[in-house]
Each structure stands twice: as C-alpha cells, then as structure tokens.
$ cat data09.csv   # CSV, C-alpha atoms
chain,number,residue,atom,x,y,z
A,1414,MET,CA,0.0,0.0,0.0
A,1415,GLN,CA,2.8,2.4,1.0
A,1416,ASN,CA,4.6,1.7,-2.2
A,1417,SER,CA,1.5,2.3,-4.2
A,1418,PHE,CA,1.0,5.7,-2.5
A,1419,LYS,CA,4.6,6.7,-3.3
A,1420,THR,CA,4.1,5.6,-6.9
A,1421,ALA,CA,0.9,7.7,-7.1
A,1422,VAL,CA,2.6,10.8,-5.6
A,1423,ALA,CA,5.5,10.3,-8.0
A,1424,ALA,CA,3.1,10.1,-10.9
A,1425,VAL,CA,1.4,13.3,-9.8
A,1426,LEU,CA,4.7,15.1,-9.4
A,1427,PHE,CA,5.8,13.9,-12.7
A,1428,LEU,CA,2.6,15.0,-14.5
A,1429,SER,CA,2.8,18.4,-12.7
A,1430,SER,CA,6.4,18.8,-13.8
A,1431,GLN,CA,5.4,17.9,-17.3
A,1432,THR,CA,2.7,20.6,-17.3
A,1433,VAL,CA,5.0,23.3,-16.0
A,1434,MET,CA,7.6,22.3,-18.6
A,1435,ALA,CA,5.0,22.4,-21.3
A,1436,GLN,CA,3.9,25.9,-20.3
A,1437,LYS,CA,7.4,27.1,-20.1
A,1438,SER,CA,8.1,25.7,-23.5
A,1439,GLN,CA,5.0,27.6,-24.8
A,1440,ILE,CA,6.5,30.9,-23.4
A,1441,LEU,CA,9.8,30.0,-25.0
A,1442,ILE,CA,8.0,29.5,-28.4
A,1443,ALA,CA,6.3,32.9,-27.9
A,1444,ARG,CA,9.6,34.5,-27.0
A,1445,ASN,CA,11.1,33.0,-30.1
A,1446,SER,CA,8.3,34.4,-32.2
A,1447,VAL,CA,9.1,37.9,-30.9
A,1448,GLY,CA,12.7,37.5,-31.9
A,1449,LYS,CA,11.7,36.2,-35.3
A,1450,LEU,CA,9.3,39.1,-35.8
A,1451,GLN,CA,11.9,41.6,-34.9
A,1452,ALA,CA,14.3,40.0,-37.4
A,1453,SER,CA,11.6,40.0,-40.0
A,1454,ILE,CA,11.0,43.7,-39.4
A,1455,ALA,CA,14.7,44.5,-39.7
A,1456,ASN,CA,14.9,42.5,-43.0
A,1457,LYS,CA,11.8,44.3,-44.3
A,1458,GLU,CA,10.0,41.0,-45.1
A,1459,ASP,CA,6.4,41.3,-46.3
A,1460,SER,CA,3.4,41.5,-44.0
A,1461,LYS,CA,2.2,38.0,-44.9
A,1462,LYS,CA,5.4,36.5,-43.5
A,1463,GLN,CA,5.2,38.7,-40.4
A,1464,LEU,CA,1.5,37.8,-39.8
A,1465,SER,CA,2.5,34.1,-40.0
A,1466,ILE,CA,5.1,34.7,-37.3
A,1467,VAL,CA,2.6,36.5,-35.1
A,1468,SER,CA,0.1,33.7,-35.6
A,1469,ASP,CA,2.6,31.1,-34.3
A,1470,GLY,CA,3.5,33.2,-31.3
A,1471,LEU,CA,-0.2,33.8,-30.4
A,1472,LYS,CA,-0.9,30.1,-30.6
A,1473,ALA,CA,1.8,29.5,-28.0
A,1474,ILE,CA,0.5,32.4,-25.8
A,1475,GLU,CA,-3.0,31.1,-25.8
A,1476,SER,CA,-1.9,28.0,-23.9
A,1477,ALA,CA,0.1,30.2,-21.5
A,1478,GLU,CA,-3.0,32.4,-20.9
A,1479,LYS,CA,-5.0,29.4,-19.8
A,1480,ASP,CA,-2.4,28.0,-17.4
A,1481,SER,CA,-3.0,29.0,-13.8
A,1482,LYS,CA,0.7,29.9,-13.3
A,1483,THR,CA,1.8,31.6,-16.6
A,1484,MET,CA,-1.4,33.5,-16.8
A,1485,LYS,CA,-0.1,35.5,-13.9
A,1486,TRP,CA,3.2,36.3,-15.6
A,1487,SER,CA,3.6,39.8,-17.0
A,1488,GLU,CA,5.7,38.3,-19.8
A,1489,THR,CA,2.7,36.4,-21.1
A,1490,TRP,CA,0.7,39.5,-21.6
A,1491,SER,CA,3.6,41.6,-22.7
A,1492,ILE,CA,4.3,39.2,-25.5
A,1493,LYS,CA,0.7,39.1,-26.5
A,1494,SER,CA,0.3,42.9,-26.5
A,1495,TYR,CA,3.5,43.2,-28.6
A,1496,LEU,CA,2.4,40.6,-31.2
A,1497,THR,CA,-1.2,41.8,-31.4
A,1498,SER,CA,-0.4,45.5,-31.5
A,1499,PHE,CA,2.0,45.0,-34.4
A,1500,ALA,CA,-0.5,42.8,-36.2
A,1501,ALA,CA,-3.1,45.6,-35.8
A,1502,LEU,CA,-0.8,47.8,-37.9
A,1503,ILE,CA,0.0,45.4,-40.7
A,1504,ASP,CA,-3.2,43.4,-41.2
A,1505,THR,CA,-5.0,45.0,-44.2
A,1506,ASP,CA,-8.3,43.4,-43.2
A,1507,ALA,CA,-10.0,46.2,-41.2
A,1508,ALA,CA,-12.0,43.8,-39.0
A,1509,ASN,CA,-9.0,41.7,-38.2
A,1510,SER,CA,-6.9,44.8,-37.5
A,1511,ASN,CA,-9.5,46.1,-35.1
A,1512,LYS,CA,-9.6,42.7,-33.3
A,1513,PHE,CA,-5.9,42.7,-32.9
A,1514,TYR,CA,-6.0,46.3,-31.6
A,1515,ASP,CA,-8.7,45.5,-29.0
A,1516,ALA,CA,-6.7,42.4,-27.9
A,1517,ALA,CA,-3.5,44.5,-27.6
A,1518,ILE,CA,-5.2,47.1,-25.4
A,1519,GLU,CA,-6.5,44.4,-23.1
A,1520,ALA,CA,-3.2,42.6,-23.0
A,1521,ILE,CA,-1.1,45.7,-22.3
A,1522,ASN,CA,-3.3,46.6,-19.4
A,1523,LYS,CA,-2.8,43.2,-17.8
A,1524,ALA,CA,0.9,43.3,-18.6
A,1525,LYS,CA,1.3,46.6,-16.8
A,1526,SER,CA,-0.7,45.6,-13.8
A,1527,LEU,CA,1.5,42.4,-13.4
A,1528,ASP,CA,4.9,44.0,-14.2
A,1529,LYS,CA,5.9,45.0,-10.6
A,1530,PHE,CA,9.6,45.3,-11.3
A,1531,ASP,CA,9.6,46.6,-14.9
A,1532,ASP,CA,11.0,43.3,-16.2
A,1533,ASN,CA,9.0,43.6,-19.4
A,1534,SER,CA,9.2,47.4,-19.8
A,1535,GLY,CA,10.8,47.1,-23.3
A,1536,LEU,CA,7.9,45.0,-24.7
A,1537,ILE,CA,5.3,47.1,-23.0
A,1538,LYS,CA,6.9,50.3,-24.4
A,1539,ALA,CA,7.0,48.9,-27.9
A,1540,SER,CA,3.4,47.7,-27.6
A,1541,ARG,CA,2.2,51.1,-26.4
A,1542,HIS,CA,4.0,52.7,-29.4
A,1543,ASN,CA,2.2,50.4,-31.8
A,1544,ILE,CA,-1.1,51.1,-30.1
A,1545,LEU,CA,-0.6,54.8,-30.3
A,1546,ILE,CA,0.1,54.6,-34.1
A,1547,LYS,CA,-3.0,52.5,-34.5
A,1548,LYS,CA,-5.0,55.1,-32.5
A,1549,GLN,CA,-3.7,57.8,-34.8
A,1550,TYR,CA,-5.0,55.8,-37.8
A,1551,LYS,CA,-8.4,55.3,-36.1
A,1552,ALA,CA,-8.5,59.0,-35.3
A,1553,ASN,CA,-7.9,59.9,-39.0
A,1554,GLU,CA,-10.7,57.5,-40.0
A,1555,ALA,CA,-13.0,59.1,-37.4
A,1556,TYR,CA,-12.1,62.6,-38.6
A,1557,PHE,CA,-12.9,61.9,-42.2
A,1558,ALA,CA,-16.2,60.3,-41.1
A,1559,ASN,CA,-17.0,63.6,-39.3
A,1560,ASP,CA,-16.8,61.8,-35.9
A,1561,PHE,CA,-14.8,64.6,-34.3
A,1562,LYS,CA,-15.5,63.5,-30.8
A,1563,GLU,CA,-14.0,60.1,-31.3
A,1564,ALA,CA,-11.1,61.6,-33.3
A,1565,PHE,CA,-10.3,64.0,-30.5
A,1566,THR,CA,-10.4,61.3,-27.8
A,1567,ASP,CA,-7.8,59.2,-29.8
A,1568,LEU,CA,-5.6,62.1,-30.9
A,1569,LYS,CA,-5.5,63.6,-27.4
A,1570,GLU,CA,-3.8,60.5,-26.0
A,1571,VAL,CA,-1.4,60.3,-29.0
A,1572,SER,CA,-0.5,64.0,-28.8
A,1573,ASP,CA,0.0,63.8,-25.0
A,1574,SER,CA,2.4,61.0,-25.6
A,1575,PHE,CA,4.3,63.0,-28.3
A,1576,PRO,CA,3.9,66.6,-27.2
A,1577,ALA,CA,6.7,68.0,-29.4
A,1578,ASP,CA,4.8,66.8,-32.6
A,1579,THR,CA,3.2,70.0,-33.9
A,1580,THR,CA,1.1,68.2,-36.5
A,1581,LEU,CA,-0.5,66.0,-33.8
A,1582,ALA,CA,-1.1,69.0,-31.6
A,1583,LEU,CA,-2.7,70.9,-34.5
A,1584,ASN,CA,-5.0,68.1,-35.5
A,1585,THR,CA,-6.0,67.5,-31.9
A,1586,ALA,CA,-6.9,71.2,-31.6
A,1587,ILE,CA,-8.9,71.2,-34.8
A,1588,CYS,CA,-11.0,68.2,-33.5
A,1589,ALA,CA,-11.5,69.9,-30.2
A,1590,TYR,CA,-12.6,73.1,-32.0
A,1591,GLN,CA,-15.1,71.1,-34.1
A,1592,ILE,CA,-16.8,69.7,-31.0
A,1593,GLN,CA,-16.8,73.1,-29.3
A,1594,ALA,CA,-14.3,72.1,-26.6
A,1595,TYR,CA,-12.7,75.5,-26.9
A,1596,ASP,CA,-10.5,75.3,-23.8
A,1597,GLU,CA,-9.1,72.0,-25.0
A,1598,ALA,CA,-8.6,73.4,-28.5
A,1599,LEU,CA,-6.8,76.4,-27.1
A,1600,ASN,CA,-4.5,74.1,-25.1
A,1601,TYR,CA,-3.5,72.1,-28.1
A,1602,PHE,CA,-3.1,75.2,-30.3
A,1603,LYS,CA,-0.8,76.6,-27.6
A,1604,ARG,CA,1.2,73.3,-27.6
A,1605,ALA,CA,1.7,73.6,-31.4
A,1606,LYS,CA,2.7,77.2,-31.0
A,1607,GLU,CA,5.1,76.5,-28.2
A,1608,ASN,CA,6.8,73.8,-30.2
A,1609,GLY,CA,7.5,76.0,-33.2
A,1610,ILE,CA,4.5,75.8,-35.6
A,1611,ARG,CA,4.4,78.7,-38.1
A,1612,ASN,CA,0.9,78.1,-39.5
A,1613,ALA,CA,-0.8,81.5,-39.6
A,1614,THR,CA,-4.2,79.9,-39.0
A,1615,VAL,CA,-3.1,78.6,-35.6
A,1616,PHE,CA,-2.4,82.1,-34.4
A,1617,GLN,CA,-5.6,83.4,-35.9
A,1618,LYS,CA,-7.8,80.8,-34.2
A,1619,MET,CA,-6.0,81.3,-30.9
A,1620,ALA,CA,-6.6,85.0,-31.0
A,1621,GLN,CA,-10.2,84.5,-31.8
A,1622,MET,CA,-10.7,82.3,-28.8
A,1623,TYR,CA,-8.9,84.7,-26.6
A,1624,VAL,CA,-11.3,87.5,-27.8
A,1625,VAL,CA,-14.2,85.3,-26.8
A,1626,LYS,CA,-12.7,84.9,-23.4
A,1627,SER,CA,-12.3,88.7,-23.3
A,1628,GLU,CA,-8.5,88.4,-23.1
A,1629,ASN,CA,-7.9,91.0,-25.8
A,1630,GLU,CA,-4.3,91.8,-24.8
A,1631,THR,CA,-3.4,88.1,-25.0
A,1632,ALA,CA,-5.1,88.0,-28.4
A,1633,ILE,CA,-3.2,91.0,-29.6
A,1634,LYS,CA,0.1,89.4,-28.4
A,1635,THR,CA,-0.8,86.2,-30.2
A,1636,LEU,CA,-1.4,88.0,-33.5
A,1637,GLU,CA,1.9,89.9,-33.1
A,1638,ASP,CA,3.7,86.5,-32.6
A,1639,GLY,CA,2.0,85.2,-35.7
A,1640,LEU,CA,2.9,88.2,-37.7
A,1641,ALA,CA,6.5,87.9,-36.6
A,1642,LEU,CA,6.6,84.5,-38.3
A,1643,ASN,CA,4.3,85.4,-41.2
A,1644,SER,CA,5.0,89.0,-42.2
A,1645,TYR,CA,2.2,90.9,-43.9
A,1646,ASN,CA,-0.1,87.8,-43.8
A,1647,ARG,CA,-3.4,89.2,-44.8
A,1648,LEU,CA,-5.6,87.2,-42.5
A,1649,LEU,CA,-3.5,88.0,-39.4
A,1650,THR,CA,-3.0,91.6,-40.4
A,1651,ASN,CA,-6.7,92.2,-40.9
A,1652,ASP,CA,-7.6,90.5,-37.5
A,1653,TYR,CA,-4.8,92.5,-35.8
A,1654,ILE,CA,-6.0,95.8,-37.2
A,1655,ASN,CA,-9.6,95.1,-36.3
A,1656,LEU,CA,-8.6,94.1,-32.8
A,1657,LEU,CA,-6.6,97.2,-32.3
A,1658,LEU,CA,-9.5,99.3,-33.5
A,1659,ASP,CA,-11.9,97.4,-31.1
A,1660,SER,CA,-9.4,98.2,-28.3
A,1661,GLU,CA,-9.3,101.8,-29.5
A,1662,ASN,CA,-5.6,101.6,-30.1
A,1663,PHE,CA,-6.0,103.9,-33.1
A,1664,SER,CA,-2.4,105.2,-33.4
A,1665,LYS,CA,-0.9,101.7,-33.5
A,1666,ALA,CA,-3.6,100.6,-36.0
A,1667,GLN,CA,-2.9,103.5,-38.3
A,1668,GLY,CA,0.9,102.9,-38.2
A,1669,LEU,CA,0.3,99.2,-39.0
A,1670,ILE,CA,-2.0,100.1,-41.9
A,1671,GLU,CA,0.4,102.6,-43.4
A,1672,ASN,CA,3.3,100.1,-43.3
A,1673,ASN,CA,1.2,97.3,-44.8
A,1674,LEU,CA,-0.1,99.6,-47.6
A,1675,LYS,CA,3.5,100.1,-48.7
A,1676,VAL,CA,3.6,96.4,-49.5
A,1677,GLU,CA,-0.1,95.7,-50.4
A,1678,LYS,CA,-1.0,98.7,-52.5
A,1679,GLY,CA,-4.1,97.1,-53.9
A,1680,ASN,CA,-5.6,95.8,-50.6
A,1681,LYS,CA,-9.1,97.3,-50.5
A,1682,LEU,CA,-9.6,96.4,-46.8
A,1683,LEU,CA,-6.5,98.2,-45.7
A,1684,TYR,CA,-7.6,101.4,-47.6
A,1685,PHE,CA,-11.1,101.0,-46.1
A,1686,LEU,CA,-9.7,100.7,-42.6
A,1687,TYR,CA,-7.4,103.6,-43.2
A,1688,GLY,CA,-10.3,105.7,-44.4
A,1689,TYR,CA,-12.3,104.7,-41.4
A,1690,LEU,CA,-9.5,105.8,-39.0
A,1691,GLN,CA,-9.2,109.1,-40.8
A,1692,GLN,CA,-12.9,109.7,-40.7
A,1693,TYR,CA,-13.0,108.8,-37.0
A,1694,GLY,CA,-10.3,111.5,-36.5
A,1695,GLY,CA,-12.3,114.1,-38.5
A,1696,ASN,CA,-10.1,114.0,-41.6
A,1697,ASN,CA,-13.0,113.5,-44.0
A,1698,SER,CA,-11.1,114.6,-47.1
A,1699,THR,CA,-8.3,112.0,-46.5
A,1700,ALA,CA,-11.0,109.4,-45.7
A,1701,ILE,CA,-12.7,110.1,-49.1
A,1702,LEU,CA,-9.4,109.5,-50.9
A,1703,ALA,CA,-8.9,106.3,-49.0
A,1704,TYR,CA,-12.4,105.0,-49.8
A,1705,ASP,CA,-11.9,105.9,-53.4
A,1706,LYS,CA,-8.8,103.8,-53.4
A,1707,ALA,CA,-10.7,100.9,-52.0
A,1708,LEU,CA,-13.4,101.3,-54.6
A,1709,SER,CA,-10.8,101.4,-57.4
A,1710,SER,CA,-10.1,97.8,-56.4
A,1711,ASP,CA,-13.7,96.8,-56.0
A,1712,GLN,CA,-16.4,99.2,-57.3
A,1713,ASN,CA,-19.1,97.1,-55.6
A,1714,TYR,CA,-17.5,97.4,-52.1
A,1715,PHE,CA,-20.6,98.2,-50.1
A,1716,ASP,CA,-19.0,99.2,-46.8
A,1717,ALA,CA,-16.7,101.6,-48.6
A,1718,LEU,CA,-19.6,103.2,-50.5
A,1719,TYR,CA,-21.6,103.6,-47.3
A,1720,GLN,CA,-18.7,105.2,-45.4
A,1721,LEU,CA,-17.8,107.3,-48.4
A,1722,SER,CA,-21.4,108.8,-48.4
A,1723,LEU,CA,-21.0,109.6,-44.6
A,1724,ALA,CA,-17.6,111.3,-45.3
A,1725,TYR,CA,-19.2,113.4,-48.0
A,1726,ILE,CA,-22.1,114.3,-45.7
A,1727,ASN,CA,-19.7,115.3,-42.9
A,1728,SER,CA,-17.7,117.4,-45.4
A,1729,ALA,CA,-20.9,119.1,-46.6
A,1730,ASN,CA,-21.9,119.9,-43.1
A,1731,GLU,CA,-18.4,121.3,-42.4
A,1732,THR,CA,-18.7,123.5,-45.5
A,1733,LEU,CA,-21.8,125.2,-44.2
A,1734,LYS,CA,-19.9,126.4,-41.1
A,1735,LYS,CA,-17.4,128.3,-43.2
A,1736,SER,CA,-17.7,131.9,-44.3
A,1737,GLU,CA,-16.9,131.2,-47.9
A,1738,ALA,CA,-19.1,132.8,-50.6
A,1739,ASP,CA,-19.6,129.6,-52.6
A,1740,LYS,CA,-20.3,127.4,-49.6
A,1741,ALA,CA,-23.8,126.6,-50.8
A,1742,THR,CA,-22.5,125.4,-54.1
A,1743,LYS,CA,-19.9,123.3,-52.5
A,1744,TYR,CA,-22.4,121.9,-50.0
A,1745,ASN,CA,-24.8,120.9,-52.8
A,1746,GLY,CA,-21.9,119.3,-54.8
A,1747,LEU,CA,-20.8,117.2,-51.7
A,1748,ILE,CA,-24.4,116.1,-51.0
A,1749,ASP,CA,-24.7,115.0,-54.7
A,1750,GLN,CA,-21.6,112.9,-54.2
A,1751,ALA,CA,-23.1,111.4,-51.1
A,1752,GLN,CA,-26.3,110.7,-52.9
A,1753,TYR,CA,-24.5,108.9,-55.7
A,1754,ALA,CA,-22.5,106.7,-53.3
A,1755,LEU,CA,-25.7,105.8,-51.4
A,1756,GLN,CA,-27.6,105.0,-54.6
A,1757,ARG,CA,-24.7,102.6,-55.6
A,1758,ALA,CA,-24.7,101.1,-52.1
A,1759,ASN,CA,-28.5,100.6,-52.3
A,1760,GLU,CA,-28.3,98.9,-55.6
A,1761,ILE,CA,-25.7,96.4,-54.2
A,1762,ASN,CA,-27.7,95.9,-50.9
A,1763,PRO,CA,-31.3,97.1,-51.3
A,1764,ASN,CA,-32.3,95.7,-47.9
A,1765,ASP,CA,-29.9,97.8,-45.9
A,1766,LYS,CA,-32.0,100.0,-43.7
A,1767,LYS,CA,-29.3,102.6,-42.9
A,1768,THR,CA,-28.7,103.2,-46.6
A,1769,VAL,CA,-32.3,103.8,-47.3
A,1770,GLN,CA,-32.7,106.1,-44.2
A,1771,LEU,CA,-29.7,108.3,-45.4
A,1772,LEU,CA,-31.2,108.5,-48.9
A,1773,ILE,CA,-34.5,109.7,-47.3
A,1774,GLU,CA,-32.6,112.4,-45.4
A,1775,ILE,CA,-30.9,113.6,-48.6
A,1776,TYR,CA,-34.1,113.6,-50.7
A,1777,THR,CA,-35.8,115.4,-47.8
A,1778,ARG,CA,-33.2,118.1,-47.9
A,1779,LYS,CA,-33.6,118.3,-51.7
A,1780,LYS,CA,-37.4,118.4,-51.2
A,1781,ALA,CA,-37.8,115.4,-53.6
A,1782,THR,CA,-41.2,114.4,-52.1
A,1783,ASP,CA,-41.9,111.5,-54.5
A,1784,LYS,CA,-38.5,109.9,-53.8
A,1785,VAL,CA,-39.1,110.3,-50.0
A,1786,GLN,CA,-42.5,108.7,-50.2
A,1787,GLU,CA,-41.2,105.8,-52.3
A,1788,LEU,CA,-38.3,105.1,-50.0
A,1789,ASN,CA,-40.5,105.4,-46.9
A,1790,ARG,CA,-42.8,102.7,-48.3
A,1791,LYS,CA,-39.7,100.6,-49.0
A,1792,LEU,CA,-38.4,101.1,-45.5
A,1793,GLN,CA,-41.6,99.9,-44.0
A,1794,GLU,CA,-41.3,96.6,-46.1
A,1795,LEU,CA,-37.8,95.9,-44.8

$ encode --input "data09.csv" --output "structure tokens"
Amino acid sequence: MQNSFKTAVAAVLFLSSQTVMAQKSQILIARNSVGKLQASIANKEDSKKQLSIVSDGLKAIESAEKDSKTMKWSETWSIKSYLTSFAALIDTDAANSNKFYDAAIEAINKAKSLDKFDDNSGLIKASRHNILIKKQYKANEAYFANDFKEAFTDLKEVSDSFPADTTLALNTAICAYQIQAYDEALNYFKRAKENGIRNATVFQKMAQMYVVKSENETAIKTLEDGLALNSYNRLLTNDYINLLLDSENFSKAQGLIENNLKVEKGNKLLYFLYGYLQQYGGNNSTAILAYDKALSSDQNYFDALYQLSLAYINSANETLKKSEADKATKYNGLIDQAQYALQRANEINPNDKKTVQLLIEIYTRKKATDKVQELNRKLQEL
C-alpha cells in the first residue's frame, strides 16, 4: 500500500512537472516568435510572412494564458500585447486589424498591472508605441467620417504621448474646436505654437478664442507673434488691425495700416480701414481719398460706398460752417456725391435700412417728395 501511494505521488509530481515544462516551452516559443518578428521587421519582409510569425506566437501564448501559473506572468501578456499591436498595424483586413487592436489594449493593461519590477518594460513600451500609431490611424478615419469626438479622444492621447509633434497638436486642436471644446482646442493650439509651428491659421484661431474669453491683450500678443513669423499675412493683419480698432488703439492701428499699404498697395480692406480711421479722426477729405482707393479695387464694395457717403455728408456739413461765398454750391456738390455713393450702395444691398434712411434724409433736404415717399414705403417693407 505504501509503495502504491509513493508511486501515485511520484506520478502526480511527474505530471505536474510535465505541465510546468510544457507551459514554459510555450512561453519560449512565444519569445522565439518575438525574436523572429523583430528580425523580419529588420529584414523588411512582407506583411504576410510577419503575420504568420505573429500567428505562431499567439498560438503559444493562448496556452500560456490558460495556465494558472503563466497567466499571472507579466511576460505572457507583454508578448501578447506586442504581437497583437504589431499585427493591428500590418493586417490590411479592417475587421482583423481592429480585433488585434482590442486584444492589444486588453493585454497591455494586464501586462502593466502584473509587471511589478519593470521586467518587461521594453515589450510594453514597444506595444504602447504600436497602439498609439493605430490610435492615430483610427482618429484619422473618425475625422474623415466627421466623428470629431472620437477623433479628439484618440488624438488627445497620442498628442499627450508625443507633445513635441506640432502636427499632432494641431490636428487634436482642430478636432476639439469642431466639438466646441474650446478650452481644449486652445491648449493644443498653444502646444503647437510653443513647439514652433508657423501656420498663420493657428495664431488666428487662438486670437479669436482669446477674444471670446475677453482676453484682448493676449489676443493682440498672439497675433503679433503670428505676424513675426508670417510678415504681412493678410488674415493675421486684418484681424490684428480690427482688434486694435476694437481696443481703441488707433495710433498703433494707423501705423500698421500705413506700413502694410507700402507692401499691399491694392488691398481694399486696408484702404477702407485707413479711411475709417481718418474719418474717425475728423479728416474727411483724407477718408474720401482712401475710400476711393478701396473702390478702385472693387467698385461694388458696399462698406466703402456707405462710409464714403458719410464722409461726403460730414464734409458738406463742415462747409456750411465756413464763411466762404460759394459754400452753398460746395455743399450741394458734396451732397450730390453722397447721394451717388448711397444709390450705388442701395443697388448692391437694397435691404440695408441705414442706406435707405440716409437717402431719405438727402431727398428730404432736396425736397424730392416723390422719392421720399417711395423710400418710406420701401423702408416699411424691410
């Protein structure tokens, strides 16, 4: 009996030893697959060959996953995450690629939780790198499918892992902007800016968001930074001038406009803004010249026509204050010019109430009753 018991124990121990050796041999096979895969990558072998290596490795890992001992090893899951994450990048079948990707994420989480002493940090790091590349691919797919929320979620993680990559930061910011996560958008635009991006649109968008937050000084500084990298950029220049005007920094705005007009002599907006500044300062004759310059570039420029009419009216009113003998003639001539500008403006935008109201005032002064009645009827319809 005693001999039989000893024999039974020996058999159990033998079988147990065989099982452990079998599981260790499966880990060795999986390790060998990792080595083969890395050699295949170095030799630039085709994806079919590499997927075959991955398949052999995963077959061995499946056995290790089921064993009560090796399933608790970080190495088991580190190998699985490495093999599946790489397969997710090279498998051209979308469904298979996504299955590998999901398996890689599950495996790397288990590997990290079991890797108490960083014994498998190399494989885990390589796996994470592959996963992040796949996340970027998935984010691009989501972006072009107009799923900006999903794209932002994936890109945010990738950008946070590679903060010096300005393209990633920019794309993340764009997705955040699309889903109206403006604080997040601003953070990633700032990251792109701080890492040396020169794209003028980045500075423009940042400035616009600072304006919304009522941080006008920061917006102005942002546009100045953008212009330092993109001299005379029209979009940045226009926004910068308008912001200076909104902040009532008129002298700085005027100097900027004058400098830019030396370079962009046909820029109608710059001439319009220069005219507006001159008009604001009471220099109506100079404003008229500036508006005429703007209209020489675009004769249908509504804003320039409207402001030109105001400049003529202001000049006409100033003429009446003078003691010149022909002031009445000059007055009438200036009012005629204002009327002509307003008629052109009304043709371009017949639904603008301010234009119609000014025309009514002019026709009232001229005692053109029929025109006044006609325009009053039109004004009631607007």

$ residues_around --input "data09.csv" --residues "Ala1524 (chain A)" --least-positions-apart "4" --cutoff "7 Å" --atoms "all atoms listed in the file" --output "PyMOL selection string"
chain A and resi 1487+1490-1491+1520+1528

$ residues_around --input "data09.csv" --residues "region 1696-1713 of chain A" --least-positions-apart "4" --cutoff "9 Å" --atoms "all atoms listed in the file" --output "ChimeraX atom specification"
/A:1679-1692,1717-1718,1720-1725,1727-1728,1757-1758,1761

$ write_last_selection --input "data09.csv" --atoms "C-alpha atoms" --output "PDB file, in the frame of the given file"
ATOM      1  CA  GLY A1679      -4.100  97.100 -53.900  1.00  0.00           C
ATOM      2  CA  ASN A1680      -5.600  95.800 -50.600  1.00  0.00           C
ATOM      3  CA  LYS A1681      -9.100  97.300 -50.500  1.00  0.00           C
ATOM      4  CA  LEU A1682      -9.600  96.400 -46.800  1.00  0.00           C
ATOM      5  CA  LEU A1683      -6.500  98.200 -45.700  1.00  0.00           C
ATOM      6  CA  TYR A1684      -7.600 101.400 -47.600  1.00  0.00           C
ATOM      7  CA  PHE A1685     -11.100 101.000 -46.100  1.00  0.00           C
ATOM      8  CA  LEU A1686      -9.700 100.700 -42.600  1.00  0.00           C
ATOM      9  CA  TYR A1687      -7.400 103.600 -43.200  1.00  0.00           C
ATOM     10  CA  GLY A1688     -10.300 105.700 -44.400  1.00  0.00           C
ATOM     11  CA  TYR A1689     -12.300 104.700 -41.400  1.00  0.00           C
ATOM     12  CA  LEU A1690      -9.500 105.800 -39.000  1.00  0.00           C
ATOM     13  CA  GLN A1691      -9.200 109.100 -40.800  1.00  0.00           C
ATOM     14  CA  GLN A1692     -12.900 109.700 -40.700  1.00  0.00           C
ATOM     15  CA  ALA A1717     -16.700 101.600 -48.600  1.00  0.00           C
ATOM     16  CA  LEU A1718     -19.600 103.200 -50.500  1.00  0.00           C
ATOM     17  CA  GLN A1720     -18.700 105.200 -45.400  1.00  0.00           C
ATOM     18  CA  LEU A1721     -17.800 107.300 -48.400  1.00  0.00           C
ATOM     19  CA  SER A1722     -21.400 108.800 -48.400  1.00  0.00           C
ATOM     20  CA  LEU A1723     -21.000 109.600 -44.600  1.00  0.00           C
ATOM     21  CA  ALA A1724     -17.600 111.300 -45.300  1.00  0.00           C
ATOM     22  CA  TYR A1725     -19.200 113.400 -48.000  1.00  0.00           C
ATOM     23  CA  ASN A1727     -19.700 115.300 -42.900  1.00  0.00           C
ATOM     24  CA  SER A1728     -17.700 117.400 -45.400  1.00  0.00           C
ATOM     25  CA  ARG A1757     -24.700 102.600 -55.600  1.00  0.00           C
ATOM     26  CA  ALA A1758     -24.700 101.100 -52.100  1.00  0.00           C
ATOM     27  CA  ILE A1761     -25.700  96.400 -54.200  1.00  0.00           C
TER      28      ILE A1761
END

$ atom_distance --input "data09.csv" --atom1 "CA of Lys1512 (chain A)" --atom2 "CA of Ser1460 (chain A)"
16.9 Å

$ residues_around --input "data09.csv" --residues "Ile1474 (chain A)" --least-positions-apart "5" --cutoff "8 Å" --atoms "all atoms listed in the file" --output "CSV table (one decimal) with C-alpha atoms, keeping the file's coordinate frame"
chain,number,residue,atom,x,y,z
A,1439,GLN,CA,5.0,27.6,-24.8
A,1440,ILE,CA,6.5,30.9,-23.4
A,1443,ALA,CA,6.3,32.9,-27.9
A,1489,THR,CA,2.7,36.4,-21.1
A,1492,ILE,CA,4.3,39.2,-25.5
A,1493,LYS,CA,0.7,39.1,-26.5

$ atom_distance --input "data09.csv" --atom1 "CA of Ser1465 (chain A)" --atom2 "CA of Ser1494 (chain A)"
16.3 Å

$ closest_residue --input "data09.csv" --among "A:Glu1760, A:Glu1737, A:Glu1794, A:Asp1652" --to "Ala1632 (chain A)" --atoms "all atoms listed in the file"
A:Asp1652

$ residues_around --input "data09.csv" --residues "Ile1633 (chain A)" --least-positions-apart "4" --cutoff "10 Å" --atoms "all atoms listed in the file" --output "PDB file with C-alpha atoms, in the coordinates of the input"
ATOM      1  CA  ALA A1620      -6.600  85.000 -31.000  1.00  0.00           C
ATOM      2  CA  GLN A1621     -10.200  84.500 -31.800  1.00  0.00           C
ATOM      3  CA  TYR A1623      -8.900  84.700 -26.600  1.00  0.00           C
ATOM      4  CA  VAL A1624     -11.300  87.500 -27.800  1.00  0.00           C
ATOM      5  CA  GLU A1628      -8.500  88.400 -23.100  1.00  0.00           C
ATOM      6  CA  ASN A1629      -7.900  91.000 -25.800  1.00  0.00           C
ATOM      7  CA  GLU A1637       1.900  89.900 -33.100  1.00  0.00           C
ATOM      8  CA  ASP A1638       3.700  86.500 -32.600  1.00  0.00           C
ATOM      9  CA  GLY A1639       2.000  85.200 -35.700  1.00  0.00           C
ATOM     10  CA  ASP A1652      -7.600  90.500 -37.500  1.00  0.00           C
ATOM     11  CA  TYR A1653      -4.800  92.500 -35.800  1.00  0.00           C
ATOM     12  CA  ILE A1654      -6.000  95.800 -37.200  1.00  0.00           C
ATOM     13  CA  LEU A1656      -8.600  94.100 -32.800  1.00  0.00           C
ATOM     14  CA  LEU A1657      -6.600  97.200 -32.300  1.00  0.00           C
ATOM     15  CA  SER A1660      -9.400  98.200 -28.300  1.00  0.00           C
TER      16      SER A1660
END
